[in-house]
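J.: This is data_12.cif, which holds mmCIF, C-alpha atoms and all ligand atoms:
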```cif
data_my_file
loop_
_atom_site.group_PDB
_atom_site.id
_atom_site.type_symbol
_atom_site.label_atom_id
_atom_site.label_comp_id
_atom_site.auth_asym_id
_atom_site.auth_seq_id
_atom_site.Cartn_x
_atom_site.Cartn_y
_atom_site.Cartn_z
ATOM 1 C CA MET A 1 0.074 1.245 -6.384
ATOM 2 C CA LEU A 2 2.886 3.527 -5.280
ATOM 3 C CA THR A 3 5.823 4.116 -7.582
ATOM 4 C CA PRO A 4 8.703 3.682 -7.064
ATOM 5 C CA ALA A 5 8.091 0.682 -4.836
ATOM 6 C CA TYR A 6 9.520 -2.551 -3.500
ATOM 7 C CA ASP A 7 9.494 -4.656 -6.654
ATOM 8 C CA ALA A 8 7.785 -7.788 -5.296
ATOM 9 C CA LEU A 9 4.855 -5.680 -4.139
ATOM 10 C CA VAL A 10 4.261 -4.368 -7.658
ATOM 11 C CA ASN A 11 4.921 -7.698 -9.374
ATOM 12 C CA LEU A 12 2.488 -9.518 -7.144
ATOM 13 C CA PHE A 13 -0.464 -7.260 -7.860
ATOM 14 C CA GLU A 14 0.368 -7.030 -11.555
ATOM 15 C CA HIS A 15 0.429 -10.822 -11.642
ATOM 16 C CA VAL A 16 -2.983 -11.060 -9.967
ATOM 17 C CA VAL A 17 -4.912 -8.502 -12.043
ATOM 18 C CA GLY A 18 -2.709 -7.898 -15.112
ATOM 19 C CA ALA A 19 -0.141 -5.101 -15.472
ATOM 20 C CA GLU A 20 -2.477 -2.901 -17.509
ATOM 21 C CA GLN A 21 -4.958 -2.750 -14.623
ATOM 22 C CA VAL A 22 -2.443 -1.341 -12.157
ATOM 23 C CA LYS A 23 -2.187 2.416 -11.969
ATOM 24 C CA ARG A 24 0.856 4.144 -10.544
ATOM 25 C CA TRP A 25 0.660 6.810 -7.875
ATOM 26 C CA ALA A 26 4.025 8.522 -8.172
ATOM 27 C CA PHE A 27 6.160 10.195 -5.550
ATOM 28 C CA ARG A 28 7.209 13.741 -6.312
ATOM 29 C CA ALA A 29 10.673 15.111 -5.757
ATOM 30 C CA ALA A 30 10.263 18.311 -3.765
ATOM 31 C CA ASP A 31 13.389 20.374 -3.018
ATOM 32 C CA SER A 32 14.607 18.668 0.094
ATOM 33 C CA ARG A 33 12.209 15.731 0.494
ATOM 34 C CA TRP A 34 9.914 13.296 -1.261
ATOM 35 C CA SER A 35 6.199 13.988 -1.266
ATOM 36 C CA LEU A 36 3.047 12.116 -2.165
ATOM 37 C CA GLU A 37 -0.062 14.097 -3.125
ATOM 38 C CA LEU A 38 -3.609 12.941 -2.373
ATOM 39 C CA ASP A 39 -4.819 14.964 -5.363
ATOM 40 C CA ASP A 40 -2.628 12.818 -7.622
ATOM 41 C CA LEU A 41 -4.359 9.760 -6.178
ATOM 42 C CA ARG A 42 -7.830 11.281 -6.665
ATOM 43 C CA ALA A 43 -6.988 11.837 -10.348
ATOM 44 C CA LEU A 44 -6.179 8.111 -10.729
ATOM 45 C CA LEU A 45 -9.324 6.740 -9.082
ATOM 46 C CA SER A 46 -12.196 5.478 -11.171
ATOM 47 C CA PRO A 47 -15.393 3.589 -10.293
ATOM 48 C CA ALA A 48 -13.480 0.422 -11.261
ATOM 49 C CA THR A 49 -10.765 0.979 -8.634
ATOM 50 C CA ARG A 50 -10.986 -1.679 -5.931
ATOM 51 C CA LEU A 51 -7.715 -1.781 -4.101
ATOM 52 C CA LEU A 52 -5.159 0.764 -3.001
ATOM 53 C CA VAL A 53 -1.675 -0.559 -2.205
ATOM 54 C CA VAL A 54 0.547 1.584 -0.008
ATOM 55 C CA ASN A 55 3.756 1.138 1.964
ATOM 56 C CA PHE A 56 4.654 3.386 4.894
ATOM 57 C CA PRO A 57 7.429 3.857 5.973
ATOM 58 C CA HIS A 58 8.185 3.693 2.291
ATOM 59 C CA ASN A 59 10.925 1.704 0.598
ATOM 60 C CA PRO A 60 12.858 3.284 -1.136
ATOM 61 C CA THR A 61 12.137 6.997 -0.388
ATOM 62 C CA GLY A 62 11.832 6.735 3.408
ATOM 63 C CA TYR A 63 8.601 8.731 3.209
ATOM 64 C CA LEU A 64 6.192 8.718 6.139
ATOM 65 C CA PRO A 65 2.879 10.598 5.991
ATOM 66 C CA SER A 66 1.664 12.825 8.798
ATOM 67 C CA PRO A 67 -1.087 11.424 11.059
ATOM 68 C CA GLU A 68 -3.598 13.862 9.455
ATOM 69 C CA TRP A 69 -2.655 12.803 5.921
ATOM 70 C CA GLN A 70 -2.947 9.127 6.901
ATOM 71 C CA ARG A 71 -6.449 9.752 8.249
ATOM 72 C CA GLU A 72 -7.416 11.569 5.051
ATOM 73 C CA LEU A 73 -6.218 8.570 3.048
ATOM 74 C CA ALA A 74 -8.390 6.244 5.154
ATOM 75 C CA GLU A 75 -11.381 8.549 4.598
ATOM 76 C CA LEU A 76 -10.750 8.589 0.871
ATOM 77 C CA ALA A 77 -10.723 4.778 0.842
ATOM 78 C CA GLU A 78 -14.012 4.796 2.745
ATOM 79 C CA GLU A 79 -15.581 7.341 0.390
ATOM 80 C CA HIS A 80 -14.633 5.294 -2.699
ATOM 81 C CA GLY A 81 -15.292 1.858 -1.178
ATOM 82 C CA LEU A 82 -11.664 0.757 -1.636
ATOM 83 C CA ARG A 83 -9.785 -1.951 0.197
ATOM 84 C CA LEU A 84 -6.416 -0.821 1.502
ATOM 85 C CA PHE A 85 -3.385 -3.078 1.410
ATOM 86 C CA CYS A 86 -0.785 -1.477 3.688
ATOM 87 C CA ASP A 87 2.755 -2.789 3.746
ATOM 88 C CA GLU A 88 4.090 -1.770 7.161
ATOM 89 C CA MET A 89 7.262 -3.860 7.133
ATOM 90 C CA TYR A 90 9.225 -0.876 8.470
ATOM 91 C CA PHE A 91 6.615 0.058 11.093
ATOM 92 C CA GLY A 92 8.114 2.002 14.020
ATOM 93 C CA LEU A 93 11.423 2.836 12.317
ATOM 94 C CA VAL A 94 10.812 6.577 12.511
ATOM 95 C CA HIS A 95 13.691 9.058 12.525
ATOM 96 C CA ALA A 96 14.184 12.012 14.860
ATOM 97 C CA GLY A 97 12.041 15.007 13.937
ATOM 98 C CA THR A 98 9.268 12.968 12.249
ATOM 99 C CA PRO A 99 6.012 12.351 14.152
ATOM 100 C CA PRO A 100 5.227 8.612 14.275
ATOM 101 C CA ILE A 101 1.916 7.345 12.880
ATOM 102 C CA PRO A 102 -0.335 4.524 14.056
ATOM 103 C CA SER A 103 -0.826 1.345 12.087
ATOM 104 C CA MET A 104 -3.516 1.641 9.425
ATOM 105 C CA ALA A 105 -5.064 -1.420 11.119
ATOM 106 C CA ASP A 106 -5.969 0.868 14.042
ATOM 107 C CA ILE A 107 -7.565 3.454 11.785
ATOM 108 C CA SER A 108 -9.472 1.663 9.073
ATOM 109 C CA GLU A 109 -11.472 -1.550 8.984
ATOM 110 C CA ARG A 110 -10.796 -1.537 5.250
ATOM 111 C CA ALA A 111 -7.102 -2.120 5.839
ATOM 112 C CA VAL A 112 -5.180 -5.336 5.385
ATOM 113 C CA VAL A 113 -1.831 -4.698 7.025
ATOM 114 C CA LEU A 114 1.360 -6.625 6.322
ATOM 115 C CA SER A 115 4.234 -6.526 8.767
ATOM 116 C CA GLY A 116 6.945 -8.778 10.152
ATOM 117 C CA LEU A 117 10.282 -9.124 11.880
ATOM 118 C CA SER A 118 12.574 -8.557 8.877
ATOM 119 C CA LYS A 119 13.108 -4.814 9.021
ATOM 120 C CA THR A 120 12.103 -3.076 12.255
ATOM 121 C CA HIS A 121 13.549 -5.889 14.351
ATOM 122 C CA GLY A 122 16.364 -6.685 11.924
ATOM 123 C CA LEU A 123 15.597 -10.427 11.747
ATOM 124 C CA PRO A 124 14.995 -11.256 8.054
ATOM 125 C CA GLY A 125 16.444 -14.742 8.496
ATOM 126 C CA LEU A 126 13.499 -15.826 10.648
ATOM 127 C CA ARG A 127 11.116 -15.404 7.684
ATOM 128 C CA CYS A 128 8.347 -14.349 10.028
ATOM 129 C CA GLY A 129 5.588 -11.961 9.026
ATOM 130 C CA TRP A 130 1.886 -11.473 9.545
ATOM 131 C CA LEU A 131 -1.290 -9.918 8.225
ATOM 132 C CA VAL A 132 -3.753 -7.927 10.313
ATOM 133 C CA MET A 133 -7.313 -7.629 9.053
ATOM 134 C CA ALA A 134 -10.559 -6.753 10.766
ATOM 135 C CA ASP A 135 -12.911 -8.723 8.546
ATOM 136 C CA GLU A 136 -13.466 -12.190 10.014
ATOM 137 C CA ALA A 137 -14.583 -13.837 6.781
ATOM 138 C CA ASP A 138 -11.471 -12.536 4.957
ATOM 139 C CA ARG A 139 -9.305 -13.717 7.801
ATOM 140 C CA HIS A 140 -10.703 -17.236 7.569
ATOM 141 C CA GLU A 141 -10.244 -17.275 3.825
ATOM 142 C CA VAL A 142 -6.582 -16.296 4.118
ATOM 143 C CA MET A 143 -5.978 -18.846 6.870
ATOM 144 C CA ASN A 144 -7.633 -21.529 4.793
ATOM 145 C CA TRP A 145 -5.403 -20.618 1.861
ATOM 146 C CA LYS A 146 -2.390 -20.877 4.140
ATOM 147 C CA PHE A 147 -3.468 -24.413 5.116
ATOM 148 C CA TYR A 148 -3.370 -25.368 1.434
ATOM 149 C CA THR A 149 0.193 -24.086 1.018
ATOM 150 C CA SER A 150 2.618 -24.393 3.932
ATOM 151 C CA ILE A 151 0.125 -25.320 6.710
ATOM 152 C CA CYS A 152 1.974 -23.508 9.491
ATOM 153 C CA PRO A 153 5.210 -21.594 10.086
ATOM 154 C CA PRO A 154 8.282 -23.523 11.299
ATOM 155 C CA VAL A 155 8.032 -24.093 15.045
ATOM 156 C CA ALA A 156 11.639 -22.937 15.556
ATOM 157 C CA THR A 157 10.742 -19.653 13.849
ATOM 158 C CA GLU A 158 7.685 -19.234 16.068
ATOM 159 C CA TYR A 159 9.772 -19.864 19.168
ATOM 160 C CA LEU A 160 12.457 -17.343 18.153
ATOM 161 C CA ALA A 161 9.864 -14.831 16.926
ATOM 162 C CA ARG A 162 8.169 -14.841 20.338
ATOM 163 C CA ALA A 163 11.516 -14.234 22.009
ATOM 164 C CA ALA A 164 12.172 -11.363 19.562
ATOM 165 C CA LEU A 165 8.765 -9.793 20.239
ATOM 166 C CA ARG A 166 9.466 -9.864 23.977
ATOM 167 C CA ALA A 167 12.612 -7.819 23.205
ATOM 168 C CA ALA A 168 10.927 -5.744 20.482
ATOM 169 C CA ASP A 169 11.786 -2.326 21.934
ATOM 170 C CA LEU A 170 15.412 -3.209 22.430
ATOM 171 C CA LEU A 171 15.746 -4.552 18.876
ATOM 172 C CA THR A 172 13.970 -1.536 17.375
ATOM 173 C CA GLN A 173 16.097 0.948 19.328
ATOM 174 C CA ARG A 174 19.282 -0.843 18.324
ATOM 175 C CA ASN A 175 18.227 -0.693 14.692
ATOM 176 C CA LEU A 176 17.230 2.975 14.889
ATOM 177 C CA ALA A 177 20.576 3.883 16.468
ATOM 178 C CA ARG A 178 22.426 2.080 13.655
ATOM 179 C CA ILE A 179 20.368 3.844 10.984
ATOM 180 C CA ALA A 180 20.927 7.245 12.678
ATOM 181 C CA ARG A 181 24.707 6.669 12.691
ATOM 182 C CA ASN A 182 24.664 5.650 9.035
ATOM 183 C CA MET A 183 22.445 8.606 8.137
ATOM 184 C CA GLN A 184 24.993 11.016 9.641
ATOM 185 C CA THR A 185 27.751 9.372 7.603
ATOM 186 C CA ALA A 186 25.578 9.549 4.469
ATOM 187 C CA GLU A 187 24.680 13.226 4.976
ATOM 188 C CA ALA A 188 28.322 14.206 5.416
ATOM 189 C CA PHE A 189 29.194 12.236 2.265
ATOM 190 C CA PHE A 190 26.452 13.799 0.131
ATOM 191 C CA ALA A 191 27.379 17.281 1.404
ATOM 192 C CA ARG A 192 30.865 16.681 -0.045
ATOM 193 C CA TRP A 193 29.391 15.807 -3.487
ATOM 194 C CA PRO A 194 26.592 18.342 -4.030
ATOM 195 C CA GLY A 195 26.882 18.433 -7.818
ATOM 196 C CA LEU A 196 26.750 14.685 -8.297
ATOM 197 C CA PHE A 197 24.037 13.559 -5.873
ATOM 198 C CA GLU A 198 20.622 14.841 -4.862
ATOM 199 C CA TRP A 199 20.019 13.768 -1.264
ATOM 200 C CA ARG A 200 16.540 13.797 0.266
ATOM 201 C CA ARG A 201 16.618 12.801 3.902
ATOM 202 C CA PRO A 202 14.391 9.799 4.657
ATOM 203 C CA MET A 203 11.790 10.393 7.375
ATOM 204 C CA ALA A 204 11.531 6.726 8.344
ATOM 205 C CA GLY A 205 12.588 3.202 7.341
ATOM 206 C CA SER A 206 16.108 2.102 6.468
ATOM 207 C CA THR A 207 16.472 3.135 2.835
ATOM 208 C CA ALA A 208 16.984 6.357 0.896
ATOM 209 C CA LEU A 209 16.416 7.250 -2.734
ATOM 210 C CA VAL A 210 19.194 9.485 -4.017
ATOM 211 C CA GLY A 211 19.486 11.327 -7.325
ATOM 212 C CA PHE A 212 22.769 10.389 -9.059
ATOM 213 C CA ASP A 213 23.802 12.539 -11.995
ATOM 214 C CA VAL A 214 25.167 9.854 -14.312
ATOM 215 C CA PRO A 215 23.690 8.609 -17.614
ATOM 216 C CA SER A 216 22.883 5.145 -16.213
ATOM 217 C CA VAL A 217 23.044 4.025 -12.589
ATOM 218 C CA SER A 218 22.491 0.383 -13.699
ATOM 219 C CA ARG A 219 25.613 0.454 -15.849
ATOM 220 C CA LEU A 220 27.614 2.064 -13.093
ATOM 221 C CA SER A 221 26.363 -0.389 -10.484
ATOM 222 C CA ARG A 222 27.546 -3.343 -12.586
ATOM 223 C CA GLN A 223 30.949 -1.683 -12.900
ATOM 224 C CA LEU A 224 31.114 -0.973 -9.152
ATOM 225 C CA ALA A 225 30.165 -4.540 -8.284
ATOM 226 C CA ALA A 226 32.861 -5.922 -10.593
ATOM 227 C CA GLU A 227 35.616 -3.486 -9.658
ATOM 228 C CA GLU A 228 34.963 -2.786 -5.988
ATOM 229 C CA GLY A 229 32.550 -5.415 -4.692
ATOM 230 C CA LEU A 230 30.132 -2.579 -3.901
ATOM 231 C CA LEU A 231 26.410 -2.774 -4.449
ATOM 232 C CA ILE A 232 24.210 0.188 -5.264
ATOM 233 C CA GLN A 233 20.776 -0.368 -6.694
ATOM 234 C CA SER A 234 19.362 1.545 -9.602
ATOM 235 C CA ALA A 235 15.906 2.930 -8.905
ATOM 236 C CA ALA A 236 14.952 1.684 -12.376
ATOM 237 C CA MET A 237 14.556 -1.726 -10.712
ATOM 238 C CA LEU A 238 11.931 -0.192 -8.436
ATOM 239 C CA GLY A 239 9.868 1.480 -11.125
ATOM 240 C CA SER A 240 11.679 4.813 -11.029
ATOM 241 C CA ASP A 241 14.351 6.073 -13.445
ATOM 242 C CA ASP A 242 17.946 5.051 -13.995
ATOM 243 C CA ARG A 243 19.281 8.316 -12.568
ATOM 244 C CA HIS A 244 18.437 7.511 -8.963
ATOM 245 C CA MET A 245 19.950 4.932 -6.673
ATOM 246 C CA ARG A 246 18.636 3.279 -3.554
ATOM 247 C CA ILE A 247 20.942 2.972 -0.595
ATOM 248 C CA GLY A 248 20.380 0.879 2.510
ATOM 249 C CA LEU A 249 21.143 2.467 5.888
ATOM 250 C CA GLY A 250 20.351 -0.522 8.071
ATOM 251 C CA ARG A 251 23.659 -2.382 8.213
ATOM 252 C CA ASP A 252 26.932 -2.222 10.042
ATOM 253 C CA GLY A 253 29.794 -1.638 7.629
ATOM 254 C CA PHE A 254 27.957 1.156 5.797
ATOM 255 C CA ASP A 255 30.758 3.650 6.559
ATOM 256 C CA THR A 256 33.426 1.289 5.178
ATOM 257 C CA ALA A 257 31.408 0.733 1.992
ATOM 258 C CA LEU A 258 30.759 4.457 1.545
ATOM 259 C CA ASP A 259 34.421 5.224 2.090
ATOM 260 C CA ARG A 260 35.318 2.760 -0.624
ATOM 261 C CA PHE A 261 32.712 4.288 -2.929
ATOM 262 C CA GLU A 262 34.214 7.741 -2.284
ATOM 263 C CA ARG A 263 37.763 6.574 -3.076
ATOM 264 C CA TRP A 264 36.397 5.099 -6.299
ATOM 265 C CA LEU A 265 34.577 8.356 -7.147
ATOM 266 C CA GLU A 266 37.734 10.381 -6.574
ATOM 267 C CA ARG A 267 39.623 8.185 -9.032
ATOM 268 C CA SER A 268 36.800 8.200 -11.591
ATOM 269 C CA GLN A 269 35.909 10.646 -14.321
ATOM 270 C CA LEU A 270 32.967 11.754 -12.189
ATOM 271 C CA ALA A 271 35.101 13.722 -9.715
ATOM 272 C CA GLY A 272 35.523 17.462 -10.256
HETATM 273 C C1 LIG B 1 8.380 -2.760 1.520
HETATM 274 C C2 LIG B 1 8.784 -4.187 1.740
HETATM 275 N N1 LIG B 1 7.832 -5.116 1.931
HETATM 276 C C3 LIG B 1 8.144 -6.407 2.111
HETATM 277 C C4 LIG B 1 9.448 -6.825 2.113
HETATM 278 C C5 LIG B 1 9.736 -8.298 2.299
HETATM 279 O O1 LIG B 1 10.293 -8.593 3.503
HETATM 280 P P1 LIG B 1 10.772 -10.075 3.835
HETATM 281 O O2 LIG B 1 12.255 -10.034 3.789
HETATM 282 O O3 LIG B 1 10.278 -10.344 5.210
HETATM 283 O O4 LIG B 1 10.188 -10.985 2.837
HETATM 284 C C6 LIG B 1 10.473 -5.907 1.897
HETATM 285 C C7 LIG B 1 11.879 -6.348 1.843
HETATM 286 O O5 LIG B 1 12.758 -5.659 1.351
HETATM 287 C C8 LIG B 1 10.137 -4.545 1.718
HETATM 288 O O6 LIG B 1 11.074 -3.612 1.510
#
```
Translate the structure described by the file into structure tokens.
T.:
Amino acid sequence: MLTPAYDALVNLFEHVVGAEQVKRWAFRAADSRWSLELDDLRALLSPATRLLVVNFPHNPTGYLPSPEWQRELAELAEEHGLRLFCDEMYFGLVHAGTPPIPSMADISERAVVLSGLSKTHGLPGLRCGWLVMADEADRHEVMNWKFYTSICPPVATEYLARAALRAADLLTQRNLARIARNMQTAEAFFARWPGLFEWRRPMAGSTALVGFDVPSVSRLSRQLAAEEGLLIQSAAMLGSDDRHMRIGLGRDGFDTALDRFERWLERSQLAG
């Protein structure tokens, strides 16, 4: 399991197999970007390893592997007989300068791919997502399990989801343009505060993981919420340390919030 990672993803697998069974494949902080090393993964594998859980584009680092690296990962899964659970909720949100990659579902029959309309299409309120898996028996088992729980998705959601998928390109482009605008604002901001923040430009997705040179981001985030109505998230909540924060780049109003954060920083002890 990747670390840091979207918390529900970690919690779910820990719940299923027990926390002590889950090994963490950690991102590395290179100078200007985040990296993920296949050799680190090889060192974690054992004959008991059954499932590899990944998420690309990655929340929170914005990491996206190269097509070659992705293929190597699929080969490694094949070699070790592993199933691959691939969270592709941010599929297609790829920023300028980064080569896009195909879905793991198109590369490996071992993959179970999760995606949906919440991120790439910006429609989290529809609560619509899906799994893609090649194995027919597995597919039937999952569908059967679904029948035992909520039977089927809401019809209104299905109707709206189909309309959204017909306009998928438009929605994705609109989202990408918003993220690009916010990224420019963020880069200018972090360039003004080089001693306080460590910015690594996300390659994809709508989040960034930023080093923040304070003793505890959690403490500061509580203070910011109370004093300014601003929300930053400590990376400690995502399995990383309390000296990184996650920011979201996917919303309108980002510039206003960042401006407010900057005014607060200027008044705080952290300035200068
Ligand atoms: C990596 C990842 N997977 C899954 C989800 C869940 O998405 P949804 O809002 O559709 O439940 C999120 C939401 O933040 C996410 O970041």
J.: Starting from the displayed file, determine the output of the PyMOL selection byres (((not hetatm)) within 7 of (chain B and resi 1)) and express the residue list as a list in words.
T.: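 For this structure, the PyMOL selection byres (((not hetatm)) within 7 of (chain B and resi 1)) resolves to Tyr6, Leu9, Asn55, His58, Asn59, Asp87, Met89, Gly116, Leu117, Ser118, Pro124, Arg127, Cys128 and Gly129 of chain A.
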J.: Write the residues you've just listed into a file as an mmCIF file, in the frame of the given file, and include C-alpha atoms for each of them.
T.:
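New file again.cif:
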```
data_model
loop_
_atom_site.group_PDB
_atom_site.id
_atom_site.type_symbol
_atom_site.label_atom_id
_atom_site.label_comp_id
_atom_site.auth_asym_id
_atom_site.auth_seq_id
_atom_site.Cartn_x
_atom_site.Cartn_y
_atom_site.Cartn_z
ATOM 1 C CA TYR A 6 9.520 -2.551 -3.500
ATOM 2 C CA LEU A 9 4.855 -5.680 -4.139
ATOM 3 C CA ASN A 55 3.756 1.138 1.964
ATOM 4 C CA HIS A 58 8.185 3.693 2.291
ATOM 5 C CA ASN A 59 10.925 1.704 0.598
ATOM 6 C CA ASP A 87 2.755 -2.789 3.746
ATOM 7 C CA MET A 89 7.262 -3.860 7.133
ATOM 8 C CA GLY A 116 6.945 -8.778 10.152
ATOM 9 C CA LEU A 117 10.282 -9.124 11.880
ATOM 10 C CA SER A 118 12.574 -8.557 8.877
ATOM 11 C CA PRO A 124 14.995 -11.256 8.054
ATOM 12 C CA ARG A 127 11.116 -15.404 7.684
ATOM 13 C CA CYS A 128 8.347 -14.349 10.028
ATOM 14 C CA GLY A 129 5.588 -11.961 9.026
#
```
J.: Might you pull out every residue within 9 Å of range 66-77 of chain A, with all atoms listed in the file counted and same-chain residues fewer than 2 positions away left off, and present them as a list in words?
T.: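 Contacts, in chain order: Leu38, Arg42, Leu51, Leu52, Leu64, Glu79, His80, Gly81, Leu82, Arg83, Leu84, Thr98, Pro99, Pro100, Ile101, Pro102, Met104, Ile107, Ser108, Arg110 and Ala111 of chain A.
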J.: On this file, the PyMOL selection byres (((chain A and resi 187) around 12) and not hetatm) gives some set of residues; write that set as a list in words.
T.: Ile179, Ala180, Arg181, Asn182, Met183, Gln184, Thr185, Ala186, Ala188, Phe189, Phe190, Ala191, Arg192, Trp193, Pro194, Phe197, Glu198, Trp199, Arg200, Arg201, Pro202, Ala208, Val210, Leu249, Asp255 and Leu258 of chain A
J.: Report as a list in words all protein, DNA and RNA residues lying within 10 Å of His244 in chain A, evaluated on all atoms listed in the file, omitting residues in the same chain fewer than 6 positions from it.
T.: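 Neighbouring residues, sequence-local ones excluded: Phe197, Glu198, Leu209, Val210, Gly211, Phe212, Asp213, Val214, Ser216, Val217, Ser218, Gln233, Ser234, Ala235 and Ala236 of chain A.
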J.: Suppose we keep C-alpha atoms; can you now write the selection as an mmCIF file, in the frame of the given file?
T.:
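Output saved as selection_11.cif:
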```
data_model
loop_
_atom_site.group_PDB
_atom_site.id
_atom_site.type_symbol
_atom_site.label_atom_id
_atom_site.label_comp_id
_atom_site.auth_asym_id
_atom_site.auth_seq_id
_atom_site.Cartn_x
_atom_site.Cartn_y
_atom_site.Cartn_z
ATOM 1 C CA PHE A 197 24.037 13.559 -5.873
ATOM 2 C CA GLU A 198 20.622 14.841 -4.862
ATOM 3 C CA LEU A 209 16.416 7.250 -2.734
ATOM 4 C CA VAL A 210 19.194 9.485 -4.017
ATOM 5 C CA GLY A 211 19.486 11.327 -7.325
ATOM 6 C CA PHE A 212 22.769 10.389 -9.059
ATOM 7 C CA ASP A 213 23.802 12.539 -11.995
ATOM 8 C CA VAL A 214 25.167 9.854 -14.312
ATOM 9 C CA SER A 216 22.883 5.145 -16.213
ATOM 10 C CA VAL A 217 23.044 4.025 -12.589
ATOM 11 C CA SER A 218 22.491 0.383 -13.699
ATOM 12 C CA GLN A 233 20.776 -0.368 -6.694
ATOM 13 C CA SER A 234 19.362 1.545 -9.602
ATOM 14 C CA ALA A 235 15.906 2.930 -8.905
ATOM 15 C CA ALA A 236 14.952 1.684 -12.376
#
```
J.: Compute the distance from (10.8, -13.7, 18.8) to each atom, counting only C-alpha atoms, keep the residues with any atom at most 12 Å away, and return them as a ChimeraX atom specification; use the coordinates of the file.
T.: /A:116-118,121-129,155-169,171
J.: Can I get the selection written as a PDB file, in the frame of the given file, with C-alpha atoms?
T.:
```
ATOM      1  CA  GLY A 116       6.945  -8.778  10.152  1.00  0.00           C
ATOM      2  CA  LEU A 117      10.282  -9.124  11.880  1.00  0.00           C
ATOM      3  CA  SER A 118      12.574  -8.557   8.877  1.00  0.00           C
ATOM      4  CA  HIS A 121      13.549  -5.889  14.351  1.00  0.00           C
ATOM      5  CA  GLY A 122      16.364  -6.685  11.924  1.00  0.00           C
ATOM      6  CA  LEU A 123      15.597 -10.427  11.747  1.00  0.00           C
ATOM      7  CA  PRO A 124      14.995 -11.256   8.054  1.00  0.00           C
ATOM      8  CA  GLY A 125      16.444 -14.742   8.496  1.00  0.00           C
ATOM      9  CA  LEU A 126      13.499 -15.826  10.648  1.00  0.00           C
ATOM     10  CA  ARG A 127      11.116 -15.404   7.684  1.00  0.00           C
ATOM     11  CA  CYS A 128       8.347 -14.349  10.028  1.00  0.00           C
ATOM     12  CA  GLY A 129       5.588 -11.961   9.026  1.00  0.00           C
ATOM     13  CA  VAL A 155       8.032 -24.093  15.045  1.00  0.00           C
ATOM     14  CA  ALA A 156      11.639 -22.937  15.556  1.00  0.00           C
ATOM     15  CA  THR A 157      10.742 -19.653  13.849  1.00  0.00           C
ATOM     16  CA  GLU A 158       7.685 -19.234  16.068  1.00  0.00           C
ATOM     17  CA  TYR A 159       9.772 -19.864  19.168  1.00  0.00           C
ATOM     18  CA  LEU A 160      12.457 -17.343  18.153  1.00  0.00           C
ATOM     19  CA  ALA A 161       9.864 -14.831  16.926  1.00  0.00           C
ATOM     20  CA  ARG A 162       8.169 -14.841  20.338  1.00  0.00           C
ATOM     21  CA  ALA A 163      11.516 -14.234  22.009  1.00  0.00           C
ATOM     22  CA  ALA A 164      12.172 -11.363  19.562  1.00  0.00           C
ATOM     23  CA  LEU A 165       8.765  -9.793  20.239  1.00  0.00           C
ATOM     24  CA  ARG A 166       9.466  -9.864  23.977  1.00  0.00           C
ATOM     25  CA  ALA A 167      12.612  -7.819  23.205  1.00  0.00           C
ATOM     26  CA  ALA A 168      10.927  -5.744  20.482  1.00  0.00           C
ATOM     27  CA  ASP A 169      11.786  -2.326  21.934  1.00  0.00           C
ATOM     28  CA  LEU A 171      15.746  -4.552  18.876  1.00  0.00           C
TER      29      LEU A 171
END
```
J.: What does the PyMOL selection byres (((chain A and resi 265) around 12) and not hetatm) select in this file, as a ChimeraX atom specification?
T.: /A:189,192-193,196-197,214,220,224,228,258-264,266-272
J.: Between A:Gln223, A:Arg178, A:Arg28, A:Pro57, which has the minimum distance to Val94 in chain A (counting only C-alpha atoms)?
T.: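 Checking each of A:Gln223, A:Arg178, A:Arg28, A:Pro57 against Val94 in chain A, counting only C-alpha atoms, the winner is A:Pro57.
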J.: Could you work out how far CA of Trp130 in chain A lies from CA of Glu88 in chain A, giving the answer in Å with one decimal?
T.: 10.2 Å
J.: Given the choices A:Ile247, A:Leu93, A:Val132, A:Leu12, which gets closest to Gln173 in chain A if the distance is worked out from all atoms listed in the file?
T.: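 Ranking A:Ile247, A:Leu93, A:Val132, A:Leu12 by distance to Gln173 in chain A, first place goes to A:Leu93.
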J.: Residues within 10 Å of (-2.5, -2.0, -10.3), file coordinates, counting only C-alpha atoms: what are they? Give the list as a PDB file with C-alpha atoms, in the coordinates of the input.
T.:
```
ATOM      1  CA  MET A   1       0.074   1.245  -6.384  1.00  0.00           C
ATOM      2  CA  LEU A   2       2.886   3.527  -5.280  1.00  0.00           C
ATOM      3  CA  VAL A  10       4.261  -4.368  -7.658  1.00  0.00           C
ATOM      4  CA  ASN A  11       4.921  -7.698  -9.374  1.00  0.00           C
ATOM      5  CA  LEU A  12       2.488  -9.518  -7.144  1.00  0.00           C
ATOM      6  CA  PHE A  13      -0.464  -7.260  -7.860  1.00  0.00           C
ATOM      7  CA  GLU A  14       0.368  -7.030 -11.555  1.00  0.00           C
ATOM      8  CA  HIS A  15       0.429 -10.822 -11.642  1.00  0.00           C
ATOM      9  CA  VAL A  16      -2.983 -11.060  -9.967  1.00  0.00           C
ATOM     10  CA  VAL A  17      -4.912  -8.502 -12.043  1.00  0.00           C
ATOM     11  CA  GLY A  18      -2.709  -7.898 -15.112  1.00  0.00           C
ATOM     12  CA  ALA A  19      -0.141  -5.101 -15.472  1.00  0.00           C
ATOM     13  CA  GLU A  20      -2.477  -2.901 -17.509  1.00  0.00           C
ATOM     14  CA  GLN A  21      -4.958  -2.750 -14.623  1.00  0.00           C
ATOM     15  CA  VAL A  22      -2.443  -1.341 -12.157  1.00  0.00           C
ATOM     16  CA  LYS A  23      -2.187   2.416 -11.969  1.00  0.00           C
ATOM     17  CA  ARG A  24       0.856   4.144 -10.544  1.00  0.00           C
ATOM     18  CA  TRP A  25       0.660   6.810  -7.875  1.00  0.00           C
ATOM     19  CA  THR A  49     -10.765   0.979  -8.634  1.00  0.00           C
ATOM     20  CA  ARG A  50     -10.986  -1.679  -5.931  1.00  0.00           C
ATOM     21  CA  LEU A  51      -7.715  -1.781  -4.101  1.00  0.00           C
ATOM     22  CA  LEU A  52      -5.159   0.764  -3.001  1.00  0.00           C
ATOM     23  CA  VAL A  53      -1.675  -0.559  -2.205  1.00  0.00           C
TER      24      VAL A  53
END
```
